Each structure stands twice: as structure tokens, then as C-alpha cells.
Amino acid sequence: MIFILATTEPHKIPATIISRTQRFDFKRIATSDIVEHLAYVLEKSNIEYSKEALNVIAQAAEGGMRDGLSILDQAISFSNGTITLENALEVTGSLTYDMMDRFIVACKQEEPATCLQLLDEMLTSGKEPRRLLENLLVYCRDLLIYQKAPQLLAEKAQHLTETFKQSAKEISAEQIYAFIDVLNEAQNEIRFSTNPRIYLEVAVVKLAGKGLSEETVTANQTVADSQEVTQLKEQITELQKEVTQLKEQIGQPQTQTQPAQNKEKKQQIRIIVYRKNVYFKF
């Protein structure tokens, strides 16, 4: 008889048990391995399939072979003898690359109305909000990986559209980071929400505001910096004039006939100097 003990906290297992057992660390199965096994099952069952459909199913399985086989079984029931990409998208509720291409392009061009319209189309077609966010996060991740290490997307190379490749060239890494932050925040907020659509719409409006091109952002920052420098120069010039006037007033000889008037002037000088954050010893 063999006893199998499973835990997600192996560090809490007492040493007396560890010394009498064998340890096996279970890891997520690679997407390519899931695709290969699903293809093997379908070939044994004489069912035709498209490689794109198996990739979608394997990604939705998130490293679990059992989940992948369950999704495959549902896709078979929706198919007419051939598992297509449409069958896989319908079963998993995933977005097509065309949908995500149009959405990200609208965000990049700062078109919130178009983004909200596309979101409405996705939700109306039956897409689940959480799955929608997951797909967009993966899409943004793919954009970033394509920029930095395109060879890591070899499995998806034949599925990447020209719009995707163009977006990867035009959208900066900083913009992608901002997209991911907004999507991740929305994903956390809708986790326990009874009305996730509200958070989705707010996130979409935020995304549409993150689409400024790098050149525009740099230009706006340069203008703002220039204006700030000009204001600082004007303030410095004004302070220099006031300090000069104060020095002249302090250096004037004082007469004994007007002690009260001189005392009042010194008080005024001290007040003016204090307000400008300049300190002198009188």
C-alpha cells in the first residue's frame, strides 16, 4: 500500500515524516507539452483539429493536463468532427487576436469611446470579465516579450498578426508597464465584486489615457520643465533685487533724532526678508 501526502506548505512537514518519505515536487506542465498530448489524444480518436485551437485550450488549462483534457472534451462536443479555433474560443471564452489588436490600438491612440465600444462588444458576445482581463494581460506580456526577446514567442509566431508586430514597435515599454498595472489593478478589484463591468469600464478609460506616444510625453515634459525654469529664474531675479534694496537700507547711517522710525523700518525689513526665506544678521 502506498500513501501519497499532498501539501502546498512543505516547509511545515516535521523532520520525522520527511526522513521516512520520498518527496516529489509537482510543477505546471508546459503549454507545448499539453498541446502535444492533446494532439495525441485527438489523433487516437481520429478527430481533426487545428494547431491554433489546441494552443488556446492549452493556455486556458494554465499548466493542468486534467483541465486541458476537460476543455478539449467540451470543444469536441461543440465541433462537427473538426476542432477549430472558433470552437476553442467559444469554449474557453478567450479573445481573438483581432479583438485584442483593435482594443490596444484604440488605447494607444487615446480613443476611450472606441475602447468602451469594443468592451461592450466583447461582453455582449459572452466574454467573461475575468477571462477578458487575463487575455489582455497575456497580450501585453507578449508585446513586451516580442520587444525584448522575440525568440521566446516562437510557439506563437505564426499566430502573431501584423497589427501586433506594429504595435510592439510603436508602443514603448513604459506604456506597456502602465497598461499591465491598470489591468492588474482591475483584476484585483473585480475579484470580489458583484458588478465587475463597472471596474472594467473604469480600467478601460484609464488605459485610453495611457496611450500617449513617447515623443508626445517627452515634448510635454520638456515644455513643463521649461516653464518651471522660467518661473524660478523670475523669482531669483526678484529676490536679488529685494536683497540689494535691503542691503542699501541697512547700510544707511542712522540719526538719533528718529529712533522710533528707524526701529519700525528694521521690523519691516525683517518681515520682508523672512517671507522670502532669506536670512540676514542685522
# chains A, B, ... in the order shown; residues from 1 in each chain; ligands from 1

$ closest_atom_pairs --of "segment 107-192 of chain A" --to "segment 94-102 of chain A" --cutoff "12 Å" --atoms "only C-alpha atoms" --output "tab-separated table"
residue	atom	partner	partner_atom	distance
A:Cys107	CA	A:Arg102	CA	8.7
A:Lys108	CA	A:Arg102	CA	9.9
A:Gln109	CA	A:Arg102	CA	10.6
A:Glu111	CA	A:Arg102	CA	11.1
A:Thr114	CA	A:Arg102	CA	9.2
A:Cys115	CA	A:Arg102	CA	8.6
A:Leu116	CA	A:Arg102	CA	11.7
A:Gln117	CA	A:Arg102	CA	11.0
A:Leu118	CA	A:Met99	CA	7.9
A:Leu119	CA	A:Met99	CA	9.5
A:Asp120	CA	A:Met99	CA	11.8
A:Glu121	CA	A:Met99	CA	9.5
A:Met122	CA	A:Leu95	CA	8.0
A:Leu123	CA	A:Leu95	CA	10.5
A:Ser125	CA	A:Leu95	CA	10.2
A:Gly126	CA	A:Ser94	CA	9.8
A:Lys127	CA	A:Ser94	CA	7.0
A:Glu128	CA	A:Ser94	CA	8.4
A:Pro129	CA	A:Ser94	CA	10.3
A:Arg130	CA	A:Ser94	CA	10.2
A:Arg131	CA	A:Ser94	CA	6.5
A:Leu132	CA	A:Ser94	CA	6.8
A:Leu133	CA	A:Leu95	CA	9.8
A:Glu134	CA	A:Ser94	CA	8.9
A:Asn135	CA	A:Leu95	CA	6.6
A:Leu136	CA	A:Met100	CA	6.9
A:Leu137	CA	A:Met100	CA	10.3
A:Val138	CA	A:Met100	CA	10.3
A:Tyr139	CA	A:Met100	CA	7.4
A:Cys140	CA	A:Met100	CA	9.6
A:Asp142	CA	A:Tyr97	CA	11.4
A:Leu143	CA	A:Asp101	CA	10.8
A:Lys156	CA	A:Tyr97	CA	11.2
A:Gln158	CA	A:Tyr97	CA	11.9
A:His159	CA	A:Tyr97	CA	8.1
A:Leu160	CA	A:Tyr97	CA	7.7
A:Thr161	CA	A:Tyr97	CA	7.4
A:Glu162	CA	A:Asp101	CA	9.4
A:Thr163	CA	A:Asp101	CA	6.3
A:Phe164	CA	A:Asp101	CA	6.1
A:Lys165	CA	A:Asp101	CA	9.8
A:Gln166	CA	A:Asp101	CA	10.0
A:Ser167	CA	A:Asp101	CA	8.3
A:Ala168	CA	A:Asp101	CA	10.8

$ residues_around --residues "Ser70 of chain A" --least-positions-apart "2" --cutoff "12 Å" --atoms "only C-alpha atoms" --output "short mmCIF file (atom, residue, chain, number, x, y, z; two decimals) with C-alpha atoms, in the first residue's frame"
data_model
loop_
_atom_site.label_atom_id
_atom_site.label_comp_id
_atom_site.auth_asym_id
_atom_site.auth_seq_id
_atom_site.Cartn_x
_atom_site.Cartn_y
_atom_site.Cartn_z
CA LEU A 38 -3.97 16.83 -26.72
CA ILE A 57 -7.02 25.23 -24.97
CA ALA A 58 -3.55 24.62 -23.53
CA ALA A 60 -6.61 28.15 -20.78
CA ALA A 61 -5.57 25.00 -18.89
CA GLY A 64 -3.01 21.48 -15.73
CA MET A 65 -3.34 18.47 -18.01
CA ARG A 66 -6.65 17.40 -16.48
CA ASP A 67 -8.13 20.86 -17.11
CA GLY A 68 -6.82 20.75 -20.66
CA LEU A 72 -10.87 19.57 -25.04
CA ASP A 73 -13.86 17.32 -24.32
CA GLN A 74 -16.16 20.35 -24.32
CA ALA A 75 -14.64 21.61 -27.57
CA ILE A 76 -15.29 18.21 -29.19
CA SER A 77 -18.96 18.44 -28.26
CA ALA A 88 -11.78 26.67 -28.69
CA VAL A 91 -15.48 27.07 -25.01
CA THR A 92 -12.74 28.99 -23.17
#

$ residues_around --residues "segment 2-8 of chain A" --least-positions-apart "3" --cutoff "12 Å" --atoms "only C-alpha atoms" --output "list in words"
His11, Lys12, Ile13, Ile17, Ile18, Arg20, Thr21, Gln22, Arg23, Phe24, Asp25, Phe26 and Lys27 of chain A

$ atom_distance --atom1 "atom CA of Ile34 of chain A" --atom2 "atom CA of Gly93 of chain A"
18.9 Å

$ residues_around --residues "Asp33 of chain A" --least-positions-apart "2" --cutoff "12 Å" --atoms "only C-alpha atoms" --output "list in words"
Arg28, Ile29, Ala30, Thr31, Val35, Glu36, His37, Leu38, Ala39, Tyr40, Leu54, Asn55, Ala58, Gln59, Ala61, Glu62, Gly63, Gly64, Met65, Gly68 and Glu155 of chain A

$ decode --residues "segment 175-201 of chain A" --atoms "N, CA and C atoms" --output "mmCIF file, in the first residue's frame"
data_model
loop_
_atom_site.group_PDB
_atom_site.id
_atom_site.type_symbol
_atom_site.label_atom_id
_atom_site.label_comp_id
_atom_site.auth_asym_id
_atom_site.auth_seq_id
_atom_site.Cartn_x
_atom_site.Cartn_y
_atom_site.Cartn_z
ATOM 1 N N GLN A 175 4.901 52.359 -21.585
ATOM 2 C CA GLN A 175 3.452 52.336 -21.804
ATOM 3 C C GLN A 175 2.882 50.944 -21.510
ATOM 4 N N ILE A 176 3.606 49.916 -21.913
ATOM 5 C CA ILE A 176 3.139 48.546 -21.652
ATOM 6 C C ILE A 176 3.100 48.286 -20.150
ATOM 7 N N TYR A 177 4.123 48.776 -19.423
ATOM 8 C CA TYR A 177 4.109 48.636 -17.963
ATOM 9 C C TYR A 177 2.866 49.299 -17.377
ATOM 10 N N ALA A 178 2.524 50.483 -17.906
ATOM 11 C CA ALA A 178 1.344 51.197 -17.407
ATOM 12 C C ALA A 178 0.072 50.410 -17.715
ATOM 13 N N PHE A 179 -0.020 49.829 -18.918
ATOM 14 C CA PHE A 179 -1.182 49.002 -19.276
ATOM 15 C C PHE A 179 -1.320 47.829 -18.298
ATOM 16 N N ILE A 180 -0.207 47.151 -18.034
ATOM 17 C CA ILE A 180 -0.231 45.978 -17.156
ATOM 18 C C ILE A 180 -0.652 46.369 -15.744
ATOM 19 N N ASP A 181 -0.162 47.509 -15.269
ATOM 20 C CA ASP A 181 -0.534 47.964 -13.919
ATOM 21 C C ASP A 181 -2.034 48.204 -13.812
ATOM 22 N N VAL A 182 -2.611 48.856 -14.818
ATOM 23 C CA VAL A 182 -4.052 49.143 -14.801
ATOM 24 C C VAL A 182 -4.858 47.853 -14.862
ATOM 25 N N LEU A 183 -4.465 46.934 -15.735
ATOM 26 C CA LEU A 183 -5.187 45.666 -15.870
ATOM 27 C C LEU A 183 -5.078 44.825 -14.600
ATOM 28 N N ASN A 184 -3.896 44.811 -14.013
ATOM 29 C CA ASN A 184 -3.707 44.040 -12.780
ATOM 30 C C ASN A 184 -4.528 44.625 -11.632
ATOM 31 N N GLU A 185 -4.595 45.951 -11.566
ATOM 32 C CA GLU A 185 -5.410 46.601 -10.534
ATOM 33 C C GLU A 185 -6.884 46.249 -10.709
ATOM 34 N N ALA A 186 -7.357 46.290 -11.960
ATOM 35 C CA ALA A 186 -8.756 45.937 -12.224
ATOM 36 C C ALA A 186 -9.026 44.475 -11.893
ATOM 37 N N GLN A 187 -8.067 43.620 -12.170
ATOM 38 C CA GLN A 187 -8.227 42.190 -11.880
ATOM 39 C C GLN A 187 -8.389 41.953 -10.382
ATOM 40 N N ASN A 188 -7.651 42.693 -9.578
ATOM 41 C CA ASN A 188 -7.768 42.559 -8.123
ATOM 42 C C ASN A 188 -9.094 43.121 -7.613
ATOM 43 N N GLU A 189 -9.570 44.197 -8.233
ATOM 44 C CA GLU A 189 -10.791 44.851 -7.764
ATOM 45 C C GLU A 189 -12.051 44.043 -8.075
ATOM 46 N N ILE A 190 -12.068 43.361 -9.220
ATOM 47 C CA ILE A 190 -13.284 42.630 -9.598
ATOM 48 C C ILE A 190 -13.353 41.245 -8.959
ATOM 49 N N ARG A 191 -12.296 40.873 -8.233
ATOM 50 C CA ARG A 191 -12.246 39.522 -7.663
ATOM 51 C C ARG A 191 -13.434 39.247 -6.747
ATOM 52 N N PHE A 192 -13.802 40.238 -5.946
ATOM 53 C CA PHE A 192 -14.906 40.053 -5.006
ATOM 54 C C PHE A 192 -16.068 40.998 -5.310
ATOM 55 N N SER A 193 -16.091 41.514 -6.532
ATOM 56 C CA SER A 193 -17.143 42.460 -6.897
ATOM 57 C C SER A 193 -18.345 41.729 -7.496
ATOM 58 N N THR A 194 -19.540 42.259 -7.206
ATOM 59 C CA THR A 194 -20.759 41.698 -7.792
ATOM 60 C C THR A 194 -21.090 42.349 -9.128
ATOM 61 N N ASN A 195 -20.394 43.429 -9.452
ATOM 62 C CA ASN A 195 -20.623 44.123 -10.721
ATOM 63 C C ASN A 195 -19.271 44.472 -11.346
ATOM 64 N N PRO A 196 -18.584 43.476 -11.893
ATOM 65 C CA PRO A 196 -17.238 43.708 -12.424
ATOM 66 C C PRO A 196 -17.193 44.640 -13.625
ATOM 67 N N ARG A 197 -18.320 44.810 -14.309
ATOM 68 C CA ARG A 197 -18.314 45.651 -15.507
ATOM 69 C C ARG A 197 -17.917 47.089 -15.182
ATOM 70 N N ILE A 198 -18.339 47.583 -14.021
ATOM 71 C CA ILE A 198 -18.009 48.957 -13.644
ATOM 72 C C ILE A 198 -16.490 49.124 -13.559
ATOM 73 N N TYR A 199 -15.834 48.192 -12.881
ATOM 74 C CA TYR A 199 -14.381 48.273 -12.757
ATOM 75 C C TYR A 199 -13.703 48.113 -14.121
ATOM 76 N N LEU A 200 -14.287 47.284 -14.969
ATOM 77 C CA LEU A 200 -13.731 47.119 -16.309
ATOM 78 C C LEU A 200 -13.800 48.418 -17.098
ATOM 79 N N GLU A 201 -14.932 49.090 -17.043
ATOM 80 C CA GLU A 201 -15.095 50.338 -17.784
ATOM 81 C C GLU A 201 -14.152 51.423 -17.262
#
